[in-house]
$ cat start29.cif   # mmCIF, C-alpha atoms
data_coords
#
loop_
_atom_site.label_atom_id
_atom_site.label_comp_id
_atom_site.auth_asym_id
_atom_site.auth_seq_id
_atom_site.Cartn_x
_atom_site.Cartn_y
_atom_site.Cartn_z
CA MET A 25 44.45 99.68 92.37
CA THR A 26 47.89 100.73 93.58
CA THR A 27 47.77 102.48 96.91
CA ALA A 28 51.34 102.13 98.14
CA VAL A 29 52.03 105.07 100.39
CA GLU A 30 55.68 105.02 99.32
CA THR A 31 54.63 106.01 95.82
CA MET A 32 52.53 108.94 97.02
CA GLN A 33 54.22 112.18 96.06
CA ASP A 34 53.67 115.29 98.08
CA ILE A 35 53.85 118.63 96.33
CA PRO A 36 56.78 120.82 97.40
CA PHE A 37 56.16 123.31 100.17
CA THR A 38 56.75 126.62 98.39
CA ILE A 39 56.46 130.10 99.90
CA GLY A 40 57.29 133.27 98.03
CA GLY A 41 59.10 131.32 95.31
CA ARG A 42 61.26 129.28 97.68
CA SER A 43 60.74 125.56 98.18
CA PHE A 44 61.29 123.60 101.36
CA HIS A 45 61.19 119.93 102.36
CA SER A 46 60.01 120.36 105.93
CA ARG A 47 56.54 121.66 106.64
CA LEU A 48 57.49 122.43 110.21
CA MET A 49 58.78 125.91 110.98
CA VAL A 50 60.16 126.71 114.42
CA GLY A 51 60.94 129.73 116.56
CA THR A 52 64.03 130.44 118.62
CA GLY A 53 62.49 132.14 121.66
CA LYS A 54 62.19 131.12 125.31
CA TYR A 55 64.66 128.23 125.33
CA ARG A 56 66.48 127.70 128.61
CA ASP A 57 69.80 127.96 126.76
CA ASN A 58 71.13 128.27 123.23
CA ASP A 59 72.52 124.74 123.13
CA THR A 60 69.10 123.24 123.86
CA MET A 61 67.61 125.50 121.21
CA ALA A 62 70.13 124.42 118.59
CA ARG A 63 69.65 120.72 119.35
CA ALA A 64 65.84 121.02 119.35
CA ILE A 65 65.81 122.84 116.02
CA ASP A 66 68.13 120.19 114.59
CA ALA A 67 65.81 117.42 115.83
CA SER A 68 62.73 119.17 114.42
CA GLY A 69 64.05 118.93 110.87
CA ALA A 70 62.83 122.48 110.30
CA GLU A 71 64.43 124.61 107.61
CA ILE A 72 62.61 127.87 108.30
CA VAL A 73 63.56 129.36 111.66
CA THR A 74 62.11 132.56 113.09
CA VAL A 75 63.93 135.32 114.95
CA ALA A 76 62.91 138.65 116.47
CA VAL A 77 64.40 142.15 116.17
CA ARG A 78 65.37 143.86 119.42
CA ARG A 79 67.73 146.47 120.78
CA VAL A 80 71.26 145.30 121.45
CA ASP A 81 71.90 145.09 125.20
CA LEU A 82 74.79 147.53 125.42
CA ASP A 83 75.92 146.10 128.76
CA ARG A 84 76.31 142.61 127.32
CA THR A 85 77.85 143.14 123.91
CA LYS A 86 80.37 140.32 124.40
CA GLU A 87 77.72 137.60 124.47
CA GLU A 88 77.04 135.44 121.44
CA GLY A 89 73.83 136.29 119.65
CA VAL A 90 71.24 133.80 118.51
CA LEU A 91 72.70 133.77 115.00
CA TYR A 92 75.94 132.30 116.33
CA HIS A 93 74.02 129.10 117.08
CA LEU A 94 72.17 128.84 113.75
CA ASP A 95 73.97 127.71 110.62
CA ALA A 96 72.97 130.30 108.02
CA LYS A 97 73.63 127.79 105.23
CA ARG A 98 71.26 125.26 106.71
CA TYR A 99 68.43 127.42 108.01
CA PHE A 100 66.29 130.01 106.30
CA LEU A 101 65.94 132.84 108.80
CA LEU A 102 62.50 134.39 108.98
CA ALA A 103 62.38 137.61 111.00
CA ASN A 104 59.19 138.61 112.75
CA THR A 105 57.60 141.84 113.93
CA ALA A 106 56.55 140.34 117.26
CA GLY A 107 55.69 142.88 119.92
CA CYS A 108 54.43 145.51 117.46
CA TYR A 109 51.04 147.02 118.21
CA THR A 110 50.72 149.38 115.25
CA ALA A 111 51.18 149.05 111.50
CA GLU A 112 53.81 151.81 111.65
CA ASP A 113 55.89 149.92 114.22
CA ALA A 114 55.58 146.66 112.32
CA VAL A 115 56.80 148.31 109.12
CA ARG A 116 59.72 149.86 111.01
CA TYR A 117 60.73 146.51 112.48
CA ALA A 118 60.37 144.79 109.12
CA ARG A 119 62.71 147.30 107.48
CA LEU A 120 65.28 146.82 110.25
CA ALA A 121 64.94 143.05 109.91
CA ARG A 122 65.53 143.16 106.17
CA GLU A 123 68.64 145.22 106.79
CA ALA A 124 69.88 142.79 109.45
CA GLY A 125 68.92 139.65 107.64
CA PHE A 126 69.52 137.68 104.55
CA ASN A 127 66.19 137.81 102.75
CA GLU A 128 63.07 139.86 102.09
CA PHE A 129 60.72 137.55 103.98
CA ILE A 130 58.95 138.87 107.06
CA LYS A 131 56.57 137.21 109.47
CA LEU A 132 54.22 140.10 110.04
CA GLU A 133 52.54 140.45 113.41
CA VAL A 134 50.46 143.43 114.44
CA ILE A 135 49.09 142.68 117.87
CA GLY A 136 45.82 144.21 119.04
CA ASP A 137 45.41 143.00 122.61
CA GLN A 138 47.97 142.41 125.33
CA GLU A 139 46.17 139.63 127.17
CA THR A 140 45.38 137.40 124.20
CA LEU A 141 48.00 138.68 121.73
CA LEU A 142 45.27 138.42 119.11
CA PRO A 143 46.02 140.31 115.89
CA ASP A 144 44.82 143.80 115.01
CA VAL A 145 43.52 142.86 111.59
CA GLN A 146 43.11 146.45 110.39
CA GLY A 147 46.70 147.32 111.29
CA LEU A 148 47.78 144.02 109.79
CA LEU A 149 46.23 144.84 106.43
CA VAL A 150 47.72 148.34 106.37
CA ALA A 151 51.19 147.01 107.22
CA ALA A 152 50.87 144.13 104.74
CA ARG A 153 50.03 146.47 101.87
CA THR A 154 52.92 148.79 102.73
CA LEU A 155 55.45 145.97 103.00
CA VAL A 156 54.30 144.19 99.85
CA ALA A 157 54.71 147.50 97.99
CA GLU A 158 58.28 147.69 99.33
CA GLY A 159 59.09 144.26 97.95
CA PHE A 160 58.73 142.19 101.09
CA LYS A 161 57.46 138.62 101.02
CA VAL A 162 54.91 138.90 103.80
CA LEU A 163 53.78 135.96 105.89
CA ALA A 164 50.90 137.39 107.89
CA TYR A 165 50.01 136.11 111.34
CA THR A 166 46.24 136.39 111.66
CA ASN A 167 43.23 134.84 113.32
CA GLU A 168 41.13 132.09 111.78
CA ASP A 169 38.74 134.54 110.11
CA LEU A 170 38.21 133.76 106.44
CA VAL A 171 37.49 137.31 105.31
CA THR A 172 40.67 138.68 106.85
CA ALA A 173 42.63 135.85 105.26
CA LEU A 174 41.12 136.68 101.87
CA ARG A 175 42.00 140.37 102.30
CA LEU A 176 45.58 139.45 103.21
CA GLU A 177 45.83 137.33 100.09
CA ASP A 178 44.43 140.21 98.03
CA ALA A 179 47.03 142.49 99.63
CA GLY A 180 49.73 140.30 98.11
CA CYS A 181 50.88 138.30 101.11
CA ALA A 182 53.11 135.33 100.29
CA ALA A 183 51.42 133.24 102.96
CA VAL A 184 48.64 133.59 105.48
CA MET A 185 49.21 132.26 108.99
CA PRO A 186 46.05 131.69 110.99
CA LEU A 187 46.48 130.80 114.64
CA ALA A 188 45.53 127.45 116.14
CA SER A 189 45.00 129.24 119.48
CA PRO A 190 46.64 132.24 121.19
CA ILE A 191 50.43 132.58 121.09
CA GLY A 192 52.11 130.54 123.80
CA SER A 193 48.81 129.09 125.06
CA GLY A 194 49.33 125.48 123.98
CA LEU A 195 45.56 125.08 123.67
CA GLY A 196 45.82 123.33 120.33
CA LEU A 197 43.60 123.74 117.27
CA LEU A 198 40.45 125.45 118.56
CA ASN A 199 38.73 126.06 115.24
CA PRO A 200 39.50 123.32 112.72
CA PHE A 201 36.58 124.45 110.57
CA GLY A 202 37.90 128.02 110.32
CA VAL A 203 41.40 126.89 109.42
CA ARG A 204 40.10 124.33 106.93
CA THR A 205 37.89 126.94 105.29
CA ILE A 206 40.81 129.35 104.92
CA LYS A 207 42.91 126.60 103.35
CA ARG A 208 40.11 125.68 100.97
CA ARG A 209 39.56 129.26 99.82
CA LEU A 210 43.10 130.65 99.54
CA LYS A 211 45.60 130.09 96.76
CA VAL A 212 48.63 131.21 98.77
CA PRO A 213 50.11 128.81 101.33
CA VAL A 214 48.35 128.58 104.68
CA VAL A 215 50.66 127.95 107.62
CA VAL A 216 49.13 127.59 111.07
CA ASP A 217 51.07 129.73 113.52
CA ALA A 218 50.78 129.63 117.31
CA GLY A 219 48.87 127.59 119.84
CA VAL A 220 50.02 124.06 119.07
CA GLY A 221 50.90 122.41 122.39
CA THR A 222 51.82 118.81 121.71
CA ALA A 223 52.26 116.31 118.89
CA SER A 224 48.58 115.41 118.55
CA ASP A 225 47.76 119.12 118.05
CA ALA A 226 50.30 119.29 115.23
CA CYS A 227 49.00 116.12 113.63
CA LEU A 228 45.37 117.25 113.83
CA THR A 229 46.34 120.63 112.38
CA MET A 230 48.15 119.08 109.41
CA GLU A 231 45.18 116.75 108.84
CA GLN A 232 43.13 119.85 107.98
CA GLY A 233 45.22 120.11 104.81
CA VAL A 234 47.20 123.23 105.68
CA ASP A 235 50.63 123.67 104.14
CA GLY A 236 52.65 123.84 107.33
CA ILE A 237 52.88 124.77 110.99
CA LEU A 238 55.03 127.29 112.86
CA MET A 239 55.60 126.68 116.55
CA ASN A 240 57.93 127.86 119.28
CA THR A 241 56.68 127.49 122.85
CA ALA A 242 55.55 123.89 122.32
CA LEU A 243 59.20 122.99 121.92
CA ALA A 244 60.87 125.54 124.18
CA ALA A 245 58.54 124.92 127.12
CA ALA A 246 58.47 121.11 126.87
CA ARG A 247 60.26 119.28 129.67
CA ASP A 248 62.55 117.83 126.98
CA PRO A 249 62.57 120.23 124.01
CA VAL A 250 64.74 117.98 121.85
CA ALA A 251 62.42 114.97 122.28
CA MET A 252 59.36 117.14 121.68
CA ALA A 253 60.97 118.51 118.52
CA ARG A 254 61.39 114.96 117.26
CA ALA A 255 57.76 114.19 118.13
CA MET A 256 56.59 117.32 116.30
CA ARG A 257 58.58 116.37 113.23
CA TRP A 258 56.83 113.00 113.11
CA ALA A 259 53.45 114.51 113.94
CA VAL A 260 53.67 117.01 111.09
CA GLU A 261 54.71 114.26 108.68
CA ALA A 262 52.00 111.92 110.00
CA GLY A 263 49.29 114.56 109.76
CA ARG A 264 50.36 115.59 106.28
CA THR A 265 50.52 112.00 105.06
CA ALA A 266 47.12 111.18 106.58
CA TYR A 267 45.64 114.23 104.86
CA LEU A 268 47.06 113.13 101.51
CA ALA A 269 45.97 109.55 102.12
CA GLY A 270 42.37 110.65 102.70
CA ARG A 271 40.68 109.45 105.85
CA MET A 272 37.82 106.93 105.91
CA PRO A 273 34.33 108.31 106.34
CA LYS A 274 33.02 108.53 109.90
CA ARG A 275 29.95 106.38 110.65
CA GLU A 276 27.68 106.33 113.65
CA VAL A 277 27.33 102.53 113.63
CA ALA A 278 29.88 99.74 113.74
CA MET A 279 30.89 97.72 110.69
CA PRO A 280 32.73 94.44 111.26
CA SER A 281 36.23 94.18 109.94
CA SER A 282 36.15 90.39 109.84
CA PRO A 283 33.97 88.38 107.40
CA LEU A 284 30.42 87.52 108.46
CA GLU A 285 30.62 84.37 106.32
CA GLY A 286 32.35 81.18 107.47
CA MET A 287 31.17 81.34 111.04
CA LEU A 288 30.77 77.96 112.77
CA ASP A 289 27.25 76.60 113.32
CA MET B 6 84.22 173.86 124.81
CA ASN B 7 82.71 170.54 125.77
CA ASP B 8 84.22 167.75 123.73
CA MET B 9 81.22 165.48 124.28
CA VAL B 10 77.69 165.62 122.88
CA ASP B 11 74.54 164.17 124.43
CA VAL B 12 72.61 161.67 122.34
CA THR B 13 70.15 158.87 122.97
CA VAL B 14 71.29 155.34 122.21
CA ASN B 15 68.69 152.57 122.53
CA GLY B 16 66.53 154.85 124.60
CA GLU B 17 69.24 155.74 127.11
CA PRO B 18 71.08 159.08 127.33
CA ARG B 19 74.73 158.75 126.40
CA ALA B 20 77.60 161.18 125.87
CA VAL B 21 79.72 160.58 122.78
CA ALA B 22 82.82 162.33 121.50
CA ARG B 23 82.07 165.43 119.46
CA GLY B 24 82.58 164.72 115.79
CA ALA B 25 82.34 160.95 116.22
CA THR B 26 80.88 158.99 113.35
CA LEU B 27 78.32 156.23 113.75
CA LEU B 28 81.07 153.71 113.03
CA GLU B 29 83.19 155.18 115.81
CA LEU B 30 80.19 155.02 118.14
CA LEU B 31 79.85 151.29 117.41
CA GLU B 32 83.56 150.80 118.02
CA SER B 33 83.33 152.63 121.35
CA LEU B 34 80.55 150.23 122.35
CA ALA B 35 82.57 147.17 121.25
CA LEU B 36 79.94 146.35 118.61
CA ASP B 37 80.74 144.63 115.35
CA PRO B 38 79.12 146.71 112.58
CA ARG B 39 78.32 143.48 110.74
CA ALA B 40 76.23 142.27 113.68
CA VAL B 41 73.96 145.26 114.22
CA VAL B 42 71.62 147.46 112.25
CA VAL B 43 71.83 151.18 112.93
CA GLU B 44 68.83 153.46 112.83
CA HIS B 45 69.79 157.14 113.01
CA ASN B 46 66.90 159.51 113.73
CA ARG B 47 64.48 156.90 112.36
CA THR B 48 66.48 156.33 109.17
CA ILE B 49 68.31 153.07 108.59
CA VAL B 50 72.01 153.65 107.87
CA ARG B 51 73.64 151.01 105.74
CA ARG B 52 77.06 149.74 106.77
CA PRO B 53 79.14 151.58 104.11
CA ARG B 54 77.61 154.89 105.27
CA LEU B 55 78.37 154.43 108.97
CA ALA B 56 81.75 156.15 108.67
CA ALA B 57 80.24 159.05 106.72
CA ILE B 58 77.66 160.19 109.27
CA THR B 59 78.67 162.30 112.25
CA VAL B 60 76.66 162.11 115.44
CA ALA B 61 74.98 165.42 116.38
CA PRO B 62 73.60 166.58 119.74
CA GLY B 63 70.12 165.21 120.41
CA ASP B 64 70.37 162.41 117.87
CA ALA B 65 68.33 159.29 118.52
CA ILE B 66 70.22 156.15 117.61
CA GLU B 67 68.87 152.63 117.72
CA LEU B 68 71.16 149.62 117.53
CA VAL B 69 69.28 146.40 116.90
CA HIS B 70 70.01 142.78 116.12
CA PHE B 71 68.26 139.42 115.94
CA VAL B 72 67.30 137.66 119.12
CA GLY B 73 65.37 134.48 119.81
CA GLY B 74 61.71 134.78 118.95
CA GLY B 75 58.72 133.00 117.49
#
$ encode --input "start29.cif" --output "structure tokens"
Amino acid sequence: MTTAVETMQDIPFTIGGRSFHSRLMVGTGKYRDNDTMARAIDASGAEIVTVAVRRVDLDRTKEEGVLYHLDAKRYFLLANTAGCYTAEDAVRYARLAREAGFNEFIKLEVIGDQETLLPDVQGLLVAARTLVAEGFKVLAYTNEDLVTALRLEDAGCAAVMPLASPIGSGLGLLNPFGVRTIKRRLKVPVVVDAGVGTASDACLTMEQGVDGILMNTALAAARDPVAMARAMRWAVEAGRTAYLAGRMPKREVAMPSSPLEGMLD
Amino acid sequence: MNDMVDVTVNGEPRAVARGATLLELLESLALDPRAVVVEHNRTIVRRPRLAAITVAPGDAIELVHFVGGG
């Protein structure tokens, strides 16, 4: 039996008809400066990079925007609707983002609660249906609820993005079963979005078999964002490879690794 | 008489020259039209149309762009 890992072929990571090599997607928020952000994103190996839509600060129009620091040829920019609390607002932001951006992809967020930033799943579904009808490729940020994920897939979303834990919390993967169940039941890509805090969280998340991870604060708020980005790159690759390799069964008793035969009298 | 009209830009009251187009508004704010998206009374105005639309009193104008985010 040939089991060489080198020969193991992963399937391409495809969302909305576009294929990517990296299964790690990263945000651009909360970095201490743009240079650190650019170096961290470079180290992460990510190809999909998220941005937000906001008013121009009319008192600071001379400053370089975030796009100045991101090579548009290298990165696929994914705009979000972060901060929107209604379907109507999210649709408005998505339309503005499409006008500002380079593609029809949108990371759809409709937030339902200020403290937890958990999604308003009813608003999410309304906005998703509207945007899909307008030709958007919708990547929907949601909770780890299977039924909502199924409804989002039915609505025509290009990907469903269950959270690992609340946005910016760094609590890691709180419900591996929920995320695994969503992955098992959906045909569209499942990308875990939010909550990953450190490399082991990313690895564990990828070991559930999901298609990718999106993270921001885990890099931006690390003491060394560039080093953490490198760690996350490896963790995502390690977790993905371990998932494909298939882990050994767990057992409640020990089993010796060395032969029982040939022991001295 | 008054050669200025009162509008709202990004939520703030602002006086702009009477008869100014959206493109001229951007120029007066030192904004590159390629770097912002203009929403005029809740309708997105594409770049080629910016010079064709004149700002009227009471208009609500939003000027947005991409910023860092997750």
$ residues_around --input "start29.cif" --residues "stretch 54-66 of chain B" --least-positions-apart "3" --cutoff "9 Å" --atoms "only C-alpha atoms" --output "list of chain:residue names"
B:Met9, B:Val10, B:Asp11, B:Val12, B:Thr13, B:Val14, B:Asn15, B:Gly16, B:Val21, B:Ala22, B:Arg23, B:Gly24, B:Ala25, B:Thr26, B:Leu27, B:Leu28, B:Glu29, B:Leu30, B:Pro38, B:Val43, B:Glu44, B:His45, B:Asn46, B:Arg47, B:Val50, B:Arg51
$ interface_residues --input "start29.cif" --of "chain A" --to "chain B" --cutoff "8 Å" --atoms "all atoms listed in the file" --output "PyMOL selection string"
chain A and resi 50-54+74-80+82+85-86+89-91+103-104+106+120-121+123-124+239-241
$ atom_distance --input "start29.cif" --atom1 "atom CA of B:Glu32" --atom2 "atom CA of A:Arg122"
22.9 Å
$ atom_distance --input "start29.cif" --atom1 "atom CA of A:Ala70" --atom2 "atom CA of A:Ala269"
22.8 Å
$ resolve_selection --input "start29.cif" --expression "the PyMOL selection byres ((chain A and resi 203-219) around 9)" --output "mmCIF file with C-alpha atoms, in the coordinates of the input"
data_model
loop_
_atom_site.group_PDB
_atom_site.id
_atom_site.type_symbol
_atom_site.label_atom_id
_atom_site.label_comp_id
_atom_site.auth_asym_id
_atom_site.auth_seq_id
_atom_site.Cartn_x
_atom_site.Cartn_y
_atom_site.Cartn_z
ATOM 1 C CA PHE A 37 56.160 123.310 100.170
ATOM 2 C CA THR A 38 56.750 126.620 98.390
ATOM 3 C CA ILE A 39 56.460 130.100 99.900
ATOM 4 C CA GLY A 40 57.290 133.270 98.030
ATOM 5 C CA ARG A 47 56.540 121.660 106.640
ATOM 6 C CA MET A 49 58.780 125.910 110.980
ATOM 7 C CA LEU A 163 53.780 135.960 105.890
ATOM 8 C CA TYR A 165 50.010 136.110 111.340
ATOM 9 C CA THR A 166 46.240 136.390 111.660
ATOM 10 C CA GLU A 168 41.130 132.090 111.780
ATOM 11 C CA ASP A 169 38.740 134.540 110.110
ATOM 12 C CA LEU A 170 38.210 133.760 106.440
ATOM 13 C CA VAL A 171 37.490 137.310 105.310
ATOM 14 C CA ALA A 173 42.630 135.850 105.260
ATOM 15 C CA LEU A 174 41.120 136.680 101.870
ATOM 16 C CA GLU A 177 45.830 137.330 100.090
ATOM 17 C CA CYS A 181 50.880 138.300 101.110
ATOM 18 C CA ALA A 182 53.110 135.330 100.290
ATOM 19 C CA ALA A 183 51.420 133.240 102.960
ATOM 20 C CA VAL A 184 48.640 133.590 105.480
ATOM 21 C CA MET A 185 49.210 132.260 108.990
ATOM 22 C CA PRO A 186 46.050 131.690 110.990
ATOM 23 C CA LEU A 187 46.480 130.800 114.640
ATOM 24 C CA ALA A 188 45.530 127.450 116.140
ATOM 25 C CA SER A 189 45.000 129.240 119.480
ATOM 26 C CA PRO A 190 46.640 132.240 121.190
ATOM 27 C CA ILE A 191 50.430 132.580 121.090
ATOM 28 C CA GLY A 192 52.110 130.540 123.800
ATOM 29 C CA SER A 193 48.810 129.090 125.060
ATOM 30 C CA GLY A 194 49.330 125.480 123.980
ATOM 31 C CA LEU A 195 45.560 125.080 123.670
ATOM 32 C CA GLY A 196 45.820 123.330 120.330
ATOM 33 C CA LEU A 197 43.600 123.740 117.270
ATOM 34 C CA LEU A 198 40.450 125.450 118.560
ATOM 35 C CA ASN A 199 38.730 126.060 115.240
ATOM 36 C CA PRO A 200 39.500 123.320 112.720
ATOM 37 C CA PHE A 201 36.580 124.450 110.570
ATOM 38 C CA GLY A 202 37.900 128.020 110.320
ATOM 39 C CA VAL A 220 50.020 124.060 119.070
ATOM 40 C CA GLY A 221 50.900 122.410 122.390
ATOM 41 C CA ASP A 225 47.760 119.120 118.050
ATOM 42 C CA THR A 229 46.340 120.630 112.380
ATOM 43 C CA MET A 230 48.150 119.080 109.410
ATOM 44 C CA GLN A 232 43.130 119.850 107.980
ATOM 45 C CA GLY A 233 45.220 120.110 104.810
ATOM 46 C CA VAL A 234 47.200 123.230 105.680
ATOM 47 C CA ASP A 235 50.630 123.670 104.140
ATOM 48 C CA GLY A 236 52.650 123.840 107.330
ATOM 49 C CA ILE A 237 52.880 124.770 110.990
ATOM 50 C CA LEU A 238 55.030 127.290 112.860
ATOM 51 C CA MET A 239 55.600 126.680 116.550
ATOM 52 C CA ASN A 240 57.930 127.860 119.280
ATOM 53 C CA THR A 241 56.680 127.490 122.850
ATOM 54 C CA ALA A 242 55.550 123.890 122.320
ATOM 55 C CA GLY B 75 58.720 133.000 117.490
#
$ resolve_selection --input "start29.cif" --expression "the PyMOL selection byres ((chain A and resi 60) around 12)" --output "list in words"
Thr52, Gly53, Lys54, Tyr55, Arg56, Asp57, Asn58, Asp59, Met61, Ala62, Arg63, Ala64, Ile65, Asp66, Ala67, His93, Leu94, Leu243, Ala244, Ala245, Ala246, Arg247, Asp248, Pro249, Val250, Ala251, Met252 and Ala253 of chain A
$ closest_residue --input "start29.cif" --among "A:Asp137, A:Glu128, A:Asp289, A:Asp34" --to "A:Val156" --atoms "only C-alpha atoms"
A:Glu128
$ atom_distance --input "start29.cif" --atom1 "atom CA of A:Asp178" --atom2 "atom CA of A:Cys108"
22.5 Å
$ closest_residue --input "start29.cif" --among "A:Leu48, A:Tyr92, A:Leu288, A:Val150" --to "A:Glu71" --atoms "only C-alpha atoms"
A:Leu48
$ build_atoms --input "start29.cif" --residues "stretch 42-60 of chain B" --atoms "N, CA and C atoms" --output "PDB file, keeping the file's coordinate frame"
ATOM      1  N   VAL B  42      72.192 146.506 113.190  1.00  0.00           N
ATOM      2  CA  VAL B  42      71.620 147.460 112.250  1.00  0.00           C
ATOM      3  C   VAL B  42      71.464 148.780 112.987  1.00  0.00           C
ATOM      4  N   VAL B  43      71.850 149.861 112.310  1.00  0.00           N
ATOM      5  CA  VAL B  43      71.830 151.180 112.930  1.00  0.00           C
ATOM      6  C   VAL B  43      70.684 151.999 112.333  1.00  0.00           C
ATOM      7  N   GLU B  44      69.871 152.529 113.235  1.00  0.00           N
ATOM      8  CA  GLU B  44      68.830 153.460 112.830  1.00  0.00           C
ATOM      9  C   GLU B  44      69.179 154.808 113.440  1.00  0.00           C
ATOM     10  N   HIS B  45      69.344 155.802 112.588  1.00  0.00           N
ATOM     11  CA  HIS B  45      69.790 157.140 113.010  1.00  0.00           C
ATOM     12  C   HIS B  45      68.640 158.107 112.768  1.00  0.00           C
ATOM     13  N   ASN B  46      68.062 158.620 113.848  1.00  0.00           N
ATOM     14  CA  ASN B  46      66.900 159.510 113.730  1.00  0.00           C
ATOM     15  C   ASN B  46      65.849 158.904 112.796  1.00  0.00           C
ATOM     16  N   ARG B  47      65.548 157.638 113.072  1.00  0.00           N
ATOM     17  CA  ARG B  47      64.480 156.900 112.360  1.00  0.00           C
ATOM     18  C   ARG B  47      64.833 156.491 110.930  1.00  0.00           C
ATOM     19  N   THR B  48      66.067 156.747 110.516  1.00  0.00           N
ATOM     20  CA  THR B  48      66.480 156.330 109.170  1.00  0.00           C
ATOM     21  C   THR B  48      67.535 155.236 109.288  1.00  0.00           C
ATOM     22  N   ILE B  49      67.335 154.153 108.566  1.00  0.00           N
ATOM     23  CA  ILE B  49      68.310 153.070 108.590  1.00  0.00           C
ATOM     24  C   ILE B  49      69.576 153.511 107.863  1.00  0.00           C
ATOM     25  N   VAL B  50      70.722 153.293 108.484  1.00  0.00           N
ATOM     26  CA  VAL B  50      72.010 153.650 107.870  1.00  0.00           C
ATOM     27  C   VAL B  50      72.722 152.359 107.487  1.00  0.00           C
ATOM     28  N   ARG B  51      72.953 152.210 106.212  1.00  0.00           N
ATOM     29  CA  ARG B  51      73.640 151.010 105.740  1.00  0.00           C
ATOM     30  C   ARG B  51      75.110 151.052 106.126  1.00  0.00           C
ATOM     31  N   ARG B  52      75.701 149.874 106.238  1.00  0.00           N
ATOM     32  CA  ARG B  52      77.060 149.740 106.770  1.00  0.00           C
ATOM     33  C   ARG B  52      78.087 150.653 106.074  1.00  0.00           C
ATOM     34  N   PRO B  53      78.108 150.736 104.746  1.00  0.00           N
ATOM     35  CA  PRO B  53      79.140 151.580 104.110  1.00  0.00           C
ATOM     36  C   PRO B  53      79.016 153.059 104.474  1.00  0.00           C
ATOM     37  N   ARG B  54      77.835 153.477 104.950  1.00  0.00           N
ATOM     38  CA  ARG B  54      77.610 154.890 105.270  1.00  0.00           C
ATOM     39  C   ARG B  54      77.918 155.226 106.721  1.00  0.00           C
ATOM     40  N   LEU B  55      78.194 154.193 107.537  1.00  0.00           N
ATOM     41  CA  LEU B  55      78.370 154.430 108.970  1.00  0.00           C
ATOM     42  C   LEU B  55      79.532 155.376 109.259  1.00  0.00           C
ATOM     43  N   ALA B  56      80.574 155.308 108.440  1.00  0.00           N
ATOM     44  CA  ALA B  56      81.750 156.150 108.670  1.00  0.00           C
ATOM     45  C   ALA B  56      81.546 157.556 108.121  1.00  0.00           C
ATOM     46  N   ALA B  57      80.452 157.756 107.379  1.00  0.00           N
ATOM     47  CA  ALA B  57      80.240 159.050 106.720  1.00  0.00           C
ATOM     48  C   ALA B  57      79.300 159.960 107.515  1.00  0.00           C
ATOM     49  N   ILE B  58      78.655 159.404 108.530  1.00  0.00           N
ATOM     50  CA  ILE B  58      77.660 160.190 109.270  1.00  0.00           C
ATOM     51  C   ILE B  58      78.191 160.531 110.663  1.00  0.00           C
ATOM     52  N   THR B  59      78.191 161.811 110.956  1.00  0.00           N
ATOM     53  CA  THR B  59      78.670 162.300 112.250  1.00  0.00           C
ATOM     54  C   THR B  59      77.491 162.454 113.207  1.00  0.00           C
ATOM     55  N   VAL B  60      77.705 162.019 114.426  1.00  0.00           N
ATOM     56  CA  VAL B  60      76.660 162.110 115.440  1.00  0.00           C
ATOM     57  C   VAL B  60      76.509 163.572 115.881  1.00  0.00           C
TER      58      VAL B  60
END
